[in-house]
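Here is query.pdb, consisting of PDB, C-alpha atoms and all ligand atoms:
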MODEL        1
ATOM      1  CA  MET A 117       0.000   0.000   0.000
ATOM      2  CA  LEU A 118       1.197   3.529  -0.778
ATOM      3  CA  ALA A 119       2.110   5.620   2.272
ATOM      4  CA  MET A 120      -0.485   8.274   2.958
ATOM      5  CA  ASP A 121       0.545  11.903   2.772
ATOM      6  CA  LEU A 122       1.012  13.746   6.037
ATOM      7  CA  MET A 123      -0.999  16.896   6.736
ATOM      8  CA  HIS A 124       0.298  19.378   9.339
ATOM      9  CA  HIS A 125      -2.012  21.456  11.510
ATOM     10  CA  SER A 126      -1.303  24.281  13.913
ATOM     11  CA  SER A 127      -3.397  26.973  15.577
ATOM     12  CA  SER A 128      -0.632  29.550  15.143
ATOM     13  CA  PHE A 129      -3.328  32.032  14.013
ATOM     14  CA  LEU A 130      -4.133  32.372  17.740
ATOM     15  CA  LEU A 131      -0.606  33.646  18.469
ATOM     16  CA  PRO A 132       0.118  37.390  18.412
ATOM     17  CA  THR A 133       2.701  36.830  15.664
ATOM     18  CA  ILE A 134       3.017  33.737  13.512
ATOM     19  CA  PRO A 135       6.559  32.338  13.699
ATOM     20  CA  GLN A 136       8.189  32.286  10.248
ATOM     21  CA  HIS A 137       9.552  28.757  10.594
ATOM     22  CA  HIS A 138       6.077  27.383  11.291
ATOM     23  CA  ARG A 139       4.848  24.607   9.069
ATOM     24  CA  PRO A 140       2.591  24.830   7.208
ATOM     25  CA  SER A 141       2.966  28.452   6.169
ATOM     26  CA  LEU A 142      -0.608  29.384   5.300
ATOM     27  CA  THR A 143      -2.551  32.295   3.891
ATOM     28  CA  TYR A 144      -5.621  33.106   5.968
ATOM     29  CA  ALA A 145      -9.081  34.302   5.011
ATOM     30  CA  LEU A 146     -11.512  35.292   7.776
ATOM     31  CA  VAL A 147     -15.298  34.906   7.737
ATOM     32  CA  LEU A 148     -17.292  36.664  10.462
ATOM     33  CA  LEU A 149     -20.694  35.192  11.260
ATOM     34  CA  ASN A 150     -23.791  36.625  12.923
ATOM     35  CA  GLN A 151     -22.934  35.440  16.417
ATOM     36  CA  ASN A 152     -20.921  36.895  19.334
ATOM     37  CA  LEU A 153     -17.465  37.741  18.025
ATOM     38  CA  PRO A 154     -14.724  35.826  19.852
ATOM     39  CA  ARG A 155     -12.552  38.149  21.984
ATOM     40  CA  PHE A 156      -9.499  37.343  19.823
ATOM     41  CA  THR A 157     -11.233  38.438  16.581
ATOM     42  CA  PRO A 158      -8.843  41.420  16.130
ATOM     43  CA  LEU A 159      -5.941  38.943  16.084
ATOM     44  CA  LEU A 160      -7.607  36.795  13.408
ATOM     45  CA  TRP A 161      -8.354  39.977  11.471
ATOM     46  CA  LYS A 162      -4.677  40.977  11.588
ATOM     47  CA  HIS A 163      -3.494  37.589  10.314
ATOM     48  CA  ALA A 164      -6.042  37.424   7.474
ATOM     49  CA  GLN A 165      -5.413  38.633   3.914
ATOM     50  CA  LEU A 166      -9.119  38.635   3.037
ATOM     51  CA  ARG A 167     -12.039  39.397   5.381
ATOM     52  CA  LEU A 168     -15.666  38.584   4.671
ATOM     53  CA  CYS A 169     -18.845  39.091   6.647
ATOM     54  CA  ALA A 170     -21.651  36.598   6.178
ATOM     55  CA  ASP A 171     -24.759  38.814   6.007
ATOM     56  CA  GLY A 172     -25.589  39.744   9.647
ATOM     57  CA  GLY A 173     -21.935  39.134  10.544
ATOM     58  CA  ALA A 174     -21.446  42.717   9.382
ATOM     59  CA  ASN A 175     -23.721  43.909  12.227
ATOM     60  CA  ARG A 176     -21.418  42.100  14.666
ATOM     61  CA  VAL A 177     -18.303  43.794  13.318
ATOM     62  CA  TYR A 178     -20.090  47.161  13.389
ATOM     63  CA  ASP A 179     -21.536  46.703  16.903
ATOM     64  CA  GLU A 180     -18.946  44.566  18.706
ATOM     65  CA  MET A 181     -15.513  45.583  17.393
ATOM     66  CA  PRO A 182     -15.809  48.968  19.174
ATOM     67  CA  LEU A 183     -16.648  47.094  22.410
ATOM     68  CA  LEU A 184     -13.305  45.272  22.159
ATOM     69  CA  PHE A 185     -11.548  48.678  22.143
ATOM     70  CA  PRO A 186     -13.517  50.580  24.807
ATOM     71  CA  GLN A 187     -10.863  53.292  25.132
ATOM     72  CA  GLU A 188     -11.103  54.225  21.451
ATOM     73  CA  ASP A 189     -13.627  56.204  19.459
ATOM     74  CA  ALA A 190     -16.219  53.777  18.023
ATOM     75  CA  SER A 191     -16.223  55.259  14.540
ATOM     76  CA  ASP A 192     -12.398  55.083  14.359
ATOM     77  CA  VAL A 193     -12.573  51.384  15.239
ATOM     78  CA  ARG A 194     -15.312  50.807  12.637
ATOM     79  CA  ARG A 195     -13.298  52.449   9.892
ATOM     80  CA  ARG A 196     -10.201  50.409  10.835
ATOM     81  CA  TYR A 197     -12.103  47.111  10.651
ATOM     82  CA  LYS A 198     -13.616  47.397   7.176
ATOM     83  CA  PRO A 199     -14.576  44.014   5.659
ATOM     84  CA  ASP A 200     -13.444  43.409   2.072
ATOM     85  CA  VAL A 201     -16.693  41.642   1.224
ATOM     86  CA  ILE A 202     -20.195  41.224   2.656
ATOM     87  CA  LYS A 203     -22.008  38.278   1.105
ATOM     88  CA  GLY A 204     -25.258  36.541   1.949
ATOM     89  CA  ASP A 205     -28.974  36.643   1.446
ATOM     90  CA  MET A 206     -29.010  40.065   3.123
ATOM     91  CA  ASP A 207     -31.997  39.496   5.362
ATOM     92  CA  SER A 208     -30.097  40.222   8.595
ATOM     93  CA  ILE A 209     -27.704  43.086   7.851
ATOM     94  CA  ARG A 210     -29.122  46.430   9.011
ATOM     95  CA  ARG A 211     -29.552  49.264   6.500
ATOM     96  CA  GLU A 212     -27.219  51.656   8.382
ATOM     97  CA  VAL A 213     -24.527  48.961   8.499
ATOM     98  CA  LEU A 214     -24.878  48.196   4.785
ATOM     99  CA  ASP A 215     -24.740  51.916   3.970
ATOM    100  CA  PHE A 216     -21.705  52.463   6.216
ATOM    101  CA  TYR A 217     -19.570  49.716   4.650
ATOM    102  CA  THR A 218     -20.801  50.496   1.125
ATOM    103  CA  SER A 219     -19.551  54.062   1.596
ATOM    104  CA  LEU A 220     -16.137  52.695   2.684
ATOM    105  CA  GLY A 221     -15.898  50.626  -0.515
ATOM    106  CA  THR A 222     -16.705  47.111   0.767
ATOM    107  CA  GLU A 223     -17.821  44.741  -2.001
ATOM    108  CA  ILE A 224     -21.457  43.715  -1.475
ATOM    109  CA  VAL A 225     -22.605  40.399  -2.957
ATOM    110  CA  ASP A 226     -26.382  39.992  -2.670
ATOM    111  CA  LYS A 227     -27.433  36.350  -3.034
ATOM    112  CA  SER A 228     -31.018  36.778  -1.808
ATOM    113  CA  HIS A 229     -32.296  34.488  -4.599
ATOM    114  CA  ASP A 230     -30.428  31.509  -3.052
ATOM    115  CA  GLN A 231     -32.437  30.219  -0.080
ATOM    116  CA  ASP A 232     -30.877  26.747  -0.182
ATOM    117  CA  THR A 233     -27.349  27.406   1.064
ATOM    118  CA  THR A 234     -26.283  29.208   4.232
ATOM    119  CA  ASP A 235     -24.505  32.549   4.274
ATOM    120  CA  LEU A 236     -21.325  30.793   5.457
ATOM    121  CA  HIS A 237     -21.554  28.433   2.460
ATOM    122  CA  LYS A 238     -21.911  31.462   0.180
ATOM    123  CA  CYS A 239     -18.815  33.092   1.723
ATOM    124  CA  VAL A 240     -16.694  29.938   1.410
ATOM    125  CA  THR A 241     -17.714  29.707  -2.265
ATOM    126  CA  TYR A 242     -16.509  33.295  -2.741
ATOM    127  CA  ILE A 243     -13.126  32.494  -1.170
ATOM    128  CA  ARG A 244     -12.767  29.234  -3.118
ATOM    129  CA  ASP A 245     -13.396  31.021  -6.411
ATOM    130  CA  PHE A 246     -11.270  34.054  -5.499
ATOM    131  CA  ALA A 247      -8.033  34.174  -7.512
ATOM    132  CA  PRO A 248      -8.855  31.012  -9.497
ATOM    133  CA  GLY A 249      -5.211  30.304 -10.395
ATOM    134  CA  LEU A 250      -4.138  30.254  -6.746
ATOM    135  CA  ASP A 251      -3.259  26.931  -5.096
ATOM    136  CA  LYS A 252      -5.833  26.563  -2.290
ATOM    137  CA  SER A 253      -3.815  23.949  -0.367
ATOM    138  CA  ASP A 254      -1.977  26.794   1.422
ATOM    139  CA  LEU A 255      -5.218  28.613   2.226
ATOM    140  CA  CYS A 256      -6.933  28.395   5.599
ATOM    141  CA  ILE A 257     -10.396  29.841   6.217
ATOM    142  CA  LEU A 258     -11.003  30.985   9.790
ATOM    143  CA  VAL A 259     -14.670  31.256  10.758
ATOM    144  CA  ALA A 260     -15.412  33.476  13.771
ATOM    145  CA  GLY A 261     -18.632  32.988  15.742
ATOM    146  CA  ALA A 262     -19.432  29.546  14.386
ATOM    147  CA  LEU A 263     -20.341  27.816  17.646
ATOM    148  CA  GLY A 264     -22.360  28.312  20.779
ATOM    149  CA  GLY A 265     -25.454  29.761  19.214
ATOM    150  CA  ARG A 266     -28.509  28.271  17.516
ATOM    151  CA  PHE A 267     -28.084  24.519  17.025
ATOM    152  CA  ASP A 268     -29.368  24.521  13.425
ATOM    153  CA  HIS A 269     -26.767  27.149  12.570
ATOM    154  CA  GLU A 270     -24.015  25.197  14.358
ATOM    155  CA  MET A 271     -24.904  22.056  12.396
ATOM    156  CA  GLY A 272     -25.085  24.102   9.189
ATOM    157  CA  ASN A 273     -21.583  25.407   9.921
ATOM    158  CA  LEU A 274     -20.267  21.861  10.515
ATOM    159  CA  ASN A 275     -21.943  20.786   7.290
ATOM    160  CA  VAL A 276     -20.010  23.477   5.432
ATOM    161  CA  ILE A 277     -16.642  22.109   6.582
ATOM    162  CA  CYS A 278     -17.751  18.637   5.451
ATOM    163  CA  HIS A 279     -19.059  19.928   2.109
ATOM    164  CA  PHE A 280     -15.778  21.728   1.368
ATOM    165  CA  SER A 281     -13.665  18.887   2.747
ATOM    166  CA  SER A 282     -10.700  19.668   0.492
ATOM    167  CA  LEU A 283     -10.385  23.179   1.970
ATOM    168  CA  ARG A 284      -8.863  23.921   5.348
ATOM    169  CA  ILE A 285     -11.668  25.552   7.362
ATOM    170  CA  VAL A 286     -11.498  26.246  11.117
ATOM    171  CA  LEU A 287     -14.693  26.985  13.079
ATOM    172  CA  LEU A 288     -14.031  29.161  16.130
ATOM    173  CA  SER A 289     -15.820  30.413  19.201
ATOM    174  CA  ASP A 290     -14.467  31.920  22.428
ATOM    175  CA  ASP A 291     -14.231  28.427  23.903
ATOM    176  CA  SER A 292     -13.151  26.012  21.196
ATOM    177  CA  LEU A 293     -12.131  25.416  17.625
ATOM    178  CA  ILE A 294     -13.062  22.641  15.201
ATOM    179  CA  TYR A 295     -11.678  21.407  11.906
ATOM    180  CA  LEU A 296     -11.896  18.349   9.707
ATOM    181  CA  LEU A 297      -9.206  15.689   9.466
ATOM    182  CA  PRO A 298      -9.849  14.132   6.035
ATOM    183  CA  ARG A 299      -9.376  10.380   5.812
ATOM    184  CA  THR A 300      -7.172  10.923   2.763
ATOM    185  CA  HIS A 301      -4.245  11.980   4.990
ATOM    186  CA  ARG A 302      -2.343  11.132   8.138
ATOM    187  CA  HIS A 303      -2.428  14.106  10.482
ATOM    188  CA  GLU A 304       0.101  15.770  12.713
ATOM    189  CA  ILE A 305      -1.376  18.428  15.000
ATOM    190  CA  HIS A 306       1.061  20.806  16.650
ATOM    191  CA  ILE A 307      -0.542  21.977  19.913
ATOM    192  CA  GLN A 308      -0.051  25.651  20.780
ATOM    193  CA  THR A 309      -0.060  25.003  24.524
ATOM    194  CA  SER A 310      -0.018  28.719  25.397
ATOM    195  CA  VAL A 311      -3.425  29.271  23.776
ATOM    196  CA  GLU A 312      -5.180  25.912  23.348
ATOM    197  CA  GLY A 313      -5.938  22.670  25.162
ATOM    198  CA  PRO A 314      -5.825  20.500  27.087
ATOM    199  CA  HIS A 315      -9.419  19.351  26.447
ATOM    200  CA  CYS A 316     -10.047  17.875  23.052
ATOM    201  CA  GLY A 317     -12.278  15.532  21.079
ATOM    202  CA  LEU A 318     -12.305  13.378  17.954
ATOM    203  CA  ILE A 319     -15.686  12.798  16.377
ATOM    204  CA  PRO A 320     -16.525  10.613  13.392
ATOM    205  CA  ILE A 321     -18.717  12.632  11.055
ATOM    206  CA  GLY A 322     -20.825  11.360   8.199
ATOM    207  CA  MET A 323     -20.087   7.700   8.730
ATOM    208  CA  PRO A 324     -18.665   5.366  11.359
ATOM    209  CA  SER A 325     -14.908   4.920  11.564
ATOM    210  CA  ARG A 326     -13.879   1.271  11.577
ATOM    211  CA  SER A 327     -10.356   2.146  12.634
ATOM    212  CA  SER A 328      -8.820   5.255  14.168
ATOM    213  CA  THR A 329      -5.372   5.471  15.723
ATOM    214  CA  THR A 330      -3.864   8.372  17.682
ATOM    215  CA  THR A 331      -0.790   9.333  19.669
ATOM    216  CA  GLY A 332      -0.411  12.188  22.137
ATOM    217  CA  LEU A 333      -3.755  11.836  23.920
ATOM    218  CA  GLN A 334      -4.530  10.680  27.455
ATOM    219  CA  TRP A 335      -7.046   8.219  25.971
ATOM    220  CA  ASP A 336      -5.375   7.237  22.718
ATOM    221  CA  LEU A 337      -7.258   5.246  20.092
ATOM    222  CA  ASN A 338      -5.584   2.097  18.867
ATOM    223  CA  ASN A 339      -7.272   0.769  15.749
ATOM    224  CA  THR A 340     -10.468   1.722  17.552
ATOM    225  CA  GLU A 341     -13.972   1.804  16.079
ATOM    226  CA  MET A 342     -15.944   5.014  16.593
ATOM    227  CA  LYS A 343     -19.496   5.871  15.606
ATOM    228  CA  PHE A 344     -22.372   8.072  16.678
ATOM    229  CA  GLY A 345     -24.423   6.045  19.094
ATOM    230  CA  GLY A 346     -21.290   4.111  20.017
ATOM    231  CA  LEU A 347     -17.897   5.425  21.054
ATOM    232  CA  ILE A 348     -16.856   8.967  20.205
ATOM    233  CA  SER A 349     -13.920  10.705  21.901
ATOM    234  CA  THR A 350     -15.004  13.635  24.081
ATOM    235  CA  SER A 351     -13.307  15.137  27.142
ATOM    236  CA  ASN A 352      -9.994  13.719  25.979
ATOM    237  CA  ILE A 353      -6.753  15.478  26.994
ATOM    238  CA  VAL A 354      -3.664  16.337  24.961
ATOM    239  CA  THR A 355      -0.557  15.181  26.814
ATOM    240  CA  GLY A 356       2.164  17.073  24.917
ATOM    241  CA  GLU A 357       2.807  19.331  21.955
ATOM    242  CA  LYS A 358       2.107  16.825  19.213
ATOM    243  CA  VAL A 359      -0.938  14.707  18.404
ATOM    244  CA  THR A 360      -1.090  12.320  15.464
ATOM    245  CA  VAL A 361      -4.287  10.923  13.976
ATOM    246  CA  GLN A 362      -5.015   8.389  11.270
ATOM    247  CA  SER A 363      -8.462   7.075  10.414
ATOM    248  CA  ASP A 364     -10.396   5.338   7.641
ATOM    249  CA  SER A 365     -13.101   8.002   7.848
ATOM    250  CA  ASP A 366     -13.262  11.764   8.186
ATOM    251  CA  LEU A 367     -12.998  12.947  11.788
ATOM    252  CA  LEU A 368     -13.710  16.281  13.409
ATOM    253  CA  TRP A 369     -10.892  17.508  15.652
ATOM    254  CA  THR A 370     -11.860  19.891  18.416
ATOM    255  CA  ILE A 371      -9.732  21.490  21.116
ATOM    256  CA  SER A 372     -10.491  23.997  23.863
ATOM    257  CA  ILE A 373      -9.209  27.563  23.643
ATOM    258  CA  LYS A 374      -7.601  28.901  26.814
ATOM    259  CA  LYS A 375      -9.051  31.915  28.579
ATOM    260  CA  LEU A 376      -5.876  33.935  29.074
TER     261      LEU A 376
HETATM  262  N1  LIG B   1     -26.669  31.566  16.521
HETATM  263  C1  LIG B   1     -25.748  31.195  15.615
HETATM  264  N2  LIG B   1     -24.863  30.198  15.887
HETATM  265  C2  LIG B   1     -23.937  29.833  14.986
HETATM  266  N3  LIG B   1     -23.814  30.407  13.766
HETATM  267  C3  LIG B   1     -24.666  31.381  13.438
HETATM  268  C4  LIG B   1     -25.672  31.836  14.342
HETATM  269  N4  LIG B   1     -26.395  32.810  13.751
HETATM  270  C5  LIG B   1     -25.865  32.964  12.526
HETATM  271  N5  LIG B   1     -24.835  32.116  12.331
HETATM  272  C6  LIG B   1     -23.998  32.019  11.128
HETATM  273  O1  LIG B   1     -23.884  33.300  10.550
HETATM  274  C7  LIG B   1     -24.352  33.277   9.197
HETATM  275  C8  LIG B   1     -25.072  34.570   8.921
HETATM  276  O2  LIG B   1     -26.106  34.723   9.872
HETATM  277  P1  LIG B   1     -27.496  35.397   9.524
HETATM  278  O3  LIG B   1     -28.269  35.616  10.785
HETATM  279  O4  LIG B   1     -27.237  36.551   8.644
HETATM  280  O5  LIG B   1     -28.126  34.174   8.699
HETATM  281  P2  LIG B   1     -29.618  33.854   8.260
HETATM  282  O6  LIG B   1     -29.518  32.755   7.317
HETATM  283  O7  LIG B   1     -30.279  35.110   7.863
HETATM  284  O8  LIG B   1     -30.230  33.324   9.617
HETATM  285  P3  LIG B   1     -31.740  33.003   9.961
HETATM  286  O9  LIG B   1     -31.844  31.524   9.912
HETATM  287  O10 LIG B   1     -31.856  33.510  11.375
HETATM  288  O11 LIG B   1     -32.581  33.708   8.948
HETATM  289  C9  LIG B   1     -25.216  32.013   9.095
HETATM  290  O12 LIG B   1     -25.169  31.475   7.796
HETATM  291  C10 LIG B   1     -24.540  31.080  10.076
HETATM  292  O13 LIG B   1     -23.425  30.452   9.458
HETATM  293  C1  LIG B   2     -34.803  21.408   3.291
HETATM  294  C2  LIG B   2     -34.596  22.875   3.506
HETATM  295  N1  LIG B   2     -34.639  23.345   4.779
HETATM  296  C3  LIG B   2     -34.460  24.649   5.006
HETATM  297  C4  LIG B   2     -34.240  25.531   3.982
HETATM  298  C5  LIG B   2     -34.122  26.987   4.274
HETATM  299  N2  LIG B   2     -32.823  27.528   4.139
HETATM  300  C6  LIG B   2     -31.693  26.808   4.093
HETATM  301  S1  LIG B   2     -30.326  27.774   3.840
HETATM  302  C7  LIG B   2     -31.257  29.169   3.839
HETATM  303  C8  LIG B   2     -30.617  30.512   3.609
HETATM  304  C9  LIG B   2     -30.234  31.150   4.884
HETATM  305  O1  LIG B   2     -29.590  32.372   4.614
HETATM  306  C10 LIG B   2     -32.606  28.888   4.037
HETATM  307  C11 LIG B   2     -33.680  29.909   4.124
HETATM  308  C12 LIG B   2     -34.177  24.986   2.660
HETATM  309  N3  LIG B   2     -33.940  25.783   1.559
HETATM  310  N4  LIG B   2     -34.352  23.672   2.455
ENDMDL
END
Let's see the structure in the file written out as structure tokens.
Ligand SMILES: Nc1ncnc2c1ncn2[C@@H]1O[C@H](COP(=O)(O)OP(=O)(O)OP(=O)(O)O)[C@@H](O)[C@H]1O
Ligand SMILES: Cc1ncc(C[n+]2csc(CCO)c2C)c(N)n1
Amino acid sequence: MLAMDLMHHSSSFLLPTIPQHHRPSLTYALVLLNQNLPRFTPLLWKHAQLRLCADGGANRVYDEMPLLFPQEDASDVRRRYKPDVIKGDMDSIRREVLDFYTSLGTEIVDKSHDQDTTDLHKCVTYIRDFAPGLDKSDLCILVAGALGGRFDHEMGNLNVICHFSSLRIVLLSDDSLIYLLPRTHRHEIHIQTSVEGPHCGLIPIGMPSRSSTTTGLQWDLNNTEMKFGGLISTSNIVTGEKVTVQSDSDLLWTISIKKL
């Protein structure tokens, strides 16, 4: 059998500066959803080359970014955090917010005719089709405000990372982050112990896993079967700075984010 390719993962986007030697060296795009902005959103914003708001996500940037800089003038903060694109079905963004960012030159993409895909899906499509010649294997899409709200939205957000399984997409809230480990690769996860862990989970998504194997966890899997309704790995603990995962089915990786 051919050896499977290794995929590296690291949450270095949660660090104030991303070390140059870090593998993989990624380009980040940020999508802001219509849900409480994580407190570290300004950091994600700084690391990202492209920033999109999914419909009502623009209200969050408009309303909540100034709250993260209470000592500064709100309108200064709003002008500094100008999204490149607002895309969605436009049923949640407020008129004043739309007018404000339109006047600053933000690109507005109105997809109100599409009531079958979520606003996050629409934003990921935009990023995927942006710069068509560009190799997307070095691209990582950070999604702020993806968890901890309405359950149908949370499941919709998880469905987006499964739908676009060949893209690196990270769902983030104040408390945790989630991404997909495709079965097509072996995975090496570098743990940023200053900002994440130790609680983590591995969840088979879409179909049962007949065999998953890990290293670096307190409760490692050893050729273990996992399925919904049977065993899934929750409340696991990372024991060091490296976790490896290999499975015959796609798994969700989740790890807690430290409150600093
Ligand atoms: N409570 C929430 N929890 C998690 N994600 C959310 C939540 N609310 C919105 N989102 C995300 O933000 C995106 C934009 O939200 P927005 O409220 O504009 O969407 P919507 O489709 O108009 O919602 P609704 O179902 O309320 O009409 C959604 O596509 C979803 O990905
Ligand atoms: C089976 C089914 N369930 C729900 C919706 C509704 N819906 C899904 S995504 C979306 C857009 C949200 O901005 C809406 C309204 C649908 N179309 N099909």
Task: Selection result for the PyMOL selection byres (((not hetatm)) within 8 of (chain B and resi 1)) on this file, as a ChimeraX atom specification - done: /A:148-151,170-173,204-209,234-237,261-270,272-273
Given the PyMOL selection byres (((chain A and resi 241-250) around 10) and not hetatm) and the file above, list the residues it selects as a PDB file with C-alpha atoms, in the frame of the given file.
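Saved result, selection.pdb, follows:
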ATOM      1  CA  ALA A 145      -9.081  34.302   5.011  1.00  0.00           C
ATOM      2  CA  LEU A 146     -11.512  35.292   7.776  1.00  0.00           C
ATOM      3  CA  VAL A 147     -15.298  34.906   7.737  1.00  0.00           C
ATOM      4  CA  LEU A 166      -9.119  38.635   3.037  1.00  0.00           C
ATOM      5  CA  ARG A 167     -12.039  39.397   5.381  1.00  0.00           C
ATOM      6  CA  LEU A 168     -15.666  38.584   4.671  1.00  0.00           C
ATOM      7  CA  VAL A 201     -16.693  41.642   1.224  1.00  0.00           C
ATOM      8  CA  LYS A 203     -22.008  38.278   1.105  1.00  0.00           C
ATOM      9  CA  VAL A 225     -22.605  40.399  -2.957  1.00  0.00           C
ATOM     10  CA  ASP A 235     -24.505  32.549   4.274  1.00  0.00           C
ATOM     11  CA  LEU A 236     -21.325  30.793   5.457  1.00  0.00           C
ATOM     12  CA  HIS A 237     -21.554  28.433   2.460  1.00  0.00           C
ATOM     13  CA  LYS A 238     -21.911  31.462   0.180  1.00  0.00           C
ATOM     14  CA  CYS A 239     -18.815  33.092   1.723  1.00  0.00           C
ATOM     15  CA  VAL A 240     -16.694  29.938   1.410  1.00  0.00           C
ATOM     16  CA  ASP A 251      -3.259  26.931  -5.096  1.00  0.00           C
ATOM     17  CA  LYS A 252      -5.833  26.563  -2.290  1.00  0.00           C
ATOM     18  CA  SER A 253      -3.815  23.949  -0.367  1.00  0.00           C
ATOM     19  CA  ASP A 254      -1.977  26.794   1.422  1.00  0.00           C
ATOM     20  CA  LEU A 255      -5.218  28.613   2.226  1.00  0.00           C
ATOM     21  CA  ILE A 257     -10.396  29.841   6.217  1.00  0.00           C
ATOM     22  CA  PHE A 280     -15.778  21.728   1.368  1.00  0.00           C
ATOM     23  CA  LEU A 283     -10.385  23.179   1.970  1.00  0.00           C
TER      24      LEU A 283
END
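As for atom CA of A:Ser281 and atom CA of A:Leu367, they are spaced 10.8 Å apart.
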Which residues, written as a compact mmCIF listing (two decimals) with C-alpha atoms, keeping the file's coordinate frame, have at least one atom at most 12 Å from A:Gly345, with only C-alpha atoms counted and residues fewer than 4 positions away on the same chain left out?
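Output (result_30.txt):
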# COMPACT_ATOMS: atom_id res chain seq x y z
CA ILE A 319 -15.69 12.80 16.38
CA PRO A 320 -16.52 10.61 13.39
CA ILE A 321 -18.72 12.63 11.06
CA MET A 323 -20.09 7.70 8.73
CA PRO A 324 -18.66 5.37 11.36
CA GLU A 341 -13.97 1.80 16.08
CA SER A 349 -13.92 10.70 21.90
- [ ] Using the chain letters and numbers from the file, give me the residues hit by the PyMOL selection byres (((chain A and resi 217-223) around 6) and not hetatm), as a ChimeraX atom specification.
- [x] /A:200-201,214-216,224
Task: Selection near stretch 326-333 of chain A, 8 Å with only C-alpha atoms, sequence-local residues under 6 positions removed, as a list in words - done: Asn339, Thr340, Glu341, Met342, Asn352, Ile353, Val354, Thr355, Gly356, Glu357, Lys358, Val359, Thr360, Val361, Gln362, Ser363, Asp364 and Ser365 of chain A
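Closest approach to ligand LIG 2 (chain B) among A:Asp291, A:Asp230, A:Gly322, A:Ser351 is made by A:Asp230 (distances from all atoms listed in the file).
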Please put the answer as JSON: centre and edge lengths, in Å with one decimal, of a box along x, y and z that encloses all listed atoms of ligand LIG 2 (chain B) plus 8 Å on each side.
{"center_x": -32.2, "center_y": 26.9, "center_z": 3.3, "size_x": 21.2, "size_y": 27.0, "size_z": 19.4}
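Among the candidates A:Gly346, A:Pro186, A:Gly313, A:Pro135, the residue lying nearest to A:Lys375 is A:Gly313 (atoms considered: all atoms listed in the file).
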- [ ] Find the residues near A:Asp121: any atom within 12 Å, counting all atoms listed in the file, skip ones fewer than 5 places away on the same chain, and give them as a ChimeraX atom specification.
- [x] /A:298-304,362
TODO: Please provide the set of residues having any atom within 7 Å of stretch 191-195 of chain A, restricted to only C-alpha atoms, with same-chain residues fewer than 6 positions apart removed, written as a ChimeraX atom specification.
DONE: /A:178,181-182
Generate the missing atoms of stretch 181-192 of chain A up to N, CA and C atoms and report them as a PDB file, in the coordinates of the input.
ATOM      1  N   MET A 181     -16.941  45.226  17.454  1.00  0.00           N
ATOM      2  CA  MET A 181     -15.513  45.583  17.393  1.00  0.00           C
ATOM      3  C   MET A 181     -15.218  46.788  18.296  1.00  0.00           C
ATOM      4  N   PRO A 182     -16.071  47.837  18.276  1.00  0.00           N
ATOM      5  CA  PRO A 182     -15.809  48.968  19.174  1.00  0.00           C
ATOM      6  C   PRO A 182     -15.811  48.552  20.655  1.00  0.00           C
ATOM      7  N   LEU A 183     -16.602  47.533  21.009  1.00  0.00           N
ATOM      8  CA  LEU A 183     -16.648  47.094  22.410  1.00  0.00           C
ATOM      9  C   LEU A 183     -15.326  46.438  22.833  1.00  0.00           C
ATOM     10  N   LEU A 184     -14.592  45.899  21.854  1.00  0.00           N
ATOM     11  CA  LEU A 184     -13.305  45.272  22.159  1.00  0.00           C
ATOM     12  C   LEU A 184     -12.199  46.317  22.344  1.00  0.00           C
ATOM     13  N   PHE A 185     -12.510  47.570  21.969  1.00  0.00           N
ATOM     14  CA  PHE A 185     -11.548  48.678  22.143  1.00  0.00           C
ATOM     15  C   PHE A 185     -12.259  49.830  22.847  1.00  0.00           C
ATOM     16  N   PRO A 186     -12.650  49.610  24.123  1.00  0.00           N
ATOM     17  CA  PRO A 186     -13.517  50.580  24.807  1.00  0.00           C
ATOM     18  C   PRO A 186     -12.873  51.965  24.979  1.00  0.00           C
ATOM     19  N   GLN A 187     -11.556  52.006  24.934  1.00  0.00           N
ATOM     20  CA  GLN A 187     -10.863  53.292  25.132  1.00  0.00           C
ATOM     21  C   GLN A 187     -10.806  54.121  23.854  1.00  0.00           C
ATOM     22  N   GLU A 188     -11.212  53.518  22.727  1.00  0.00           N
ATOM     23  CA  GLU A 188     -11.103  54.225  21.451  1.00  0.00           C
ATOM     24  C   GLU A 188     -12.468  54.717  20.960  1.00  0.00           C
ATOM     25  N   ASP A 189     -12.408  55.690  20.077  1.00  0.00           N
ATOM     26  CA  ASP A 189     -13.627  56.204  19.459  1.00  0.00           C
ATOM     27  C   ASP A 189     -14.243  55.125  18.556  1.00  0.00           C
ATOM     28  N   ALA A 190     -15.553  54.873  18.740  1.00  0.00           N
ATOM     29  CA  ALA A 190     -16.219  53.777  18.023  1.00  0.00           C
ATOM     30  C   ALA A 190     -16.099  53.919  16.505  1.00  0.00           C
ATOM     31  N   SER A 191     -16.241  55.124  16.001  1.00  0.00           N
ATOM     32  CA  SER A 191     -16.223  55.259  14.540  1.00  0.00           C
ATOM     33  C   SER A 191     -14.808  55.065  13.980  1.00  0.00           C
ATOM     34  N   ASP A 192     -13.781  55.380  14.786  1.00  0.00           N
ATOM     35  CA  ASP A 192     -12.398  55.083  14.359  1.00  0.00           C
ATOM     36  C   ASP A 192     -12.216  53.576  14.233  1.00  0.00           C
TER      37      ASP A 192
END
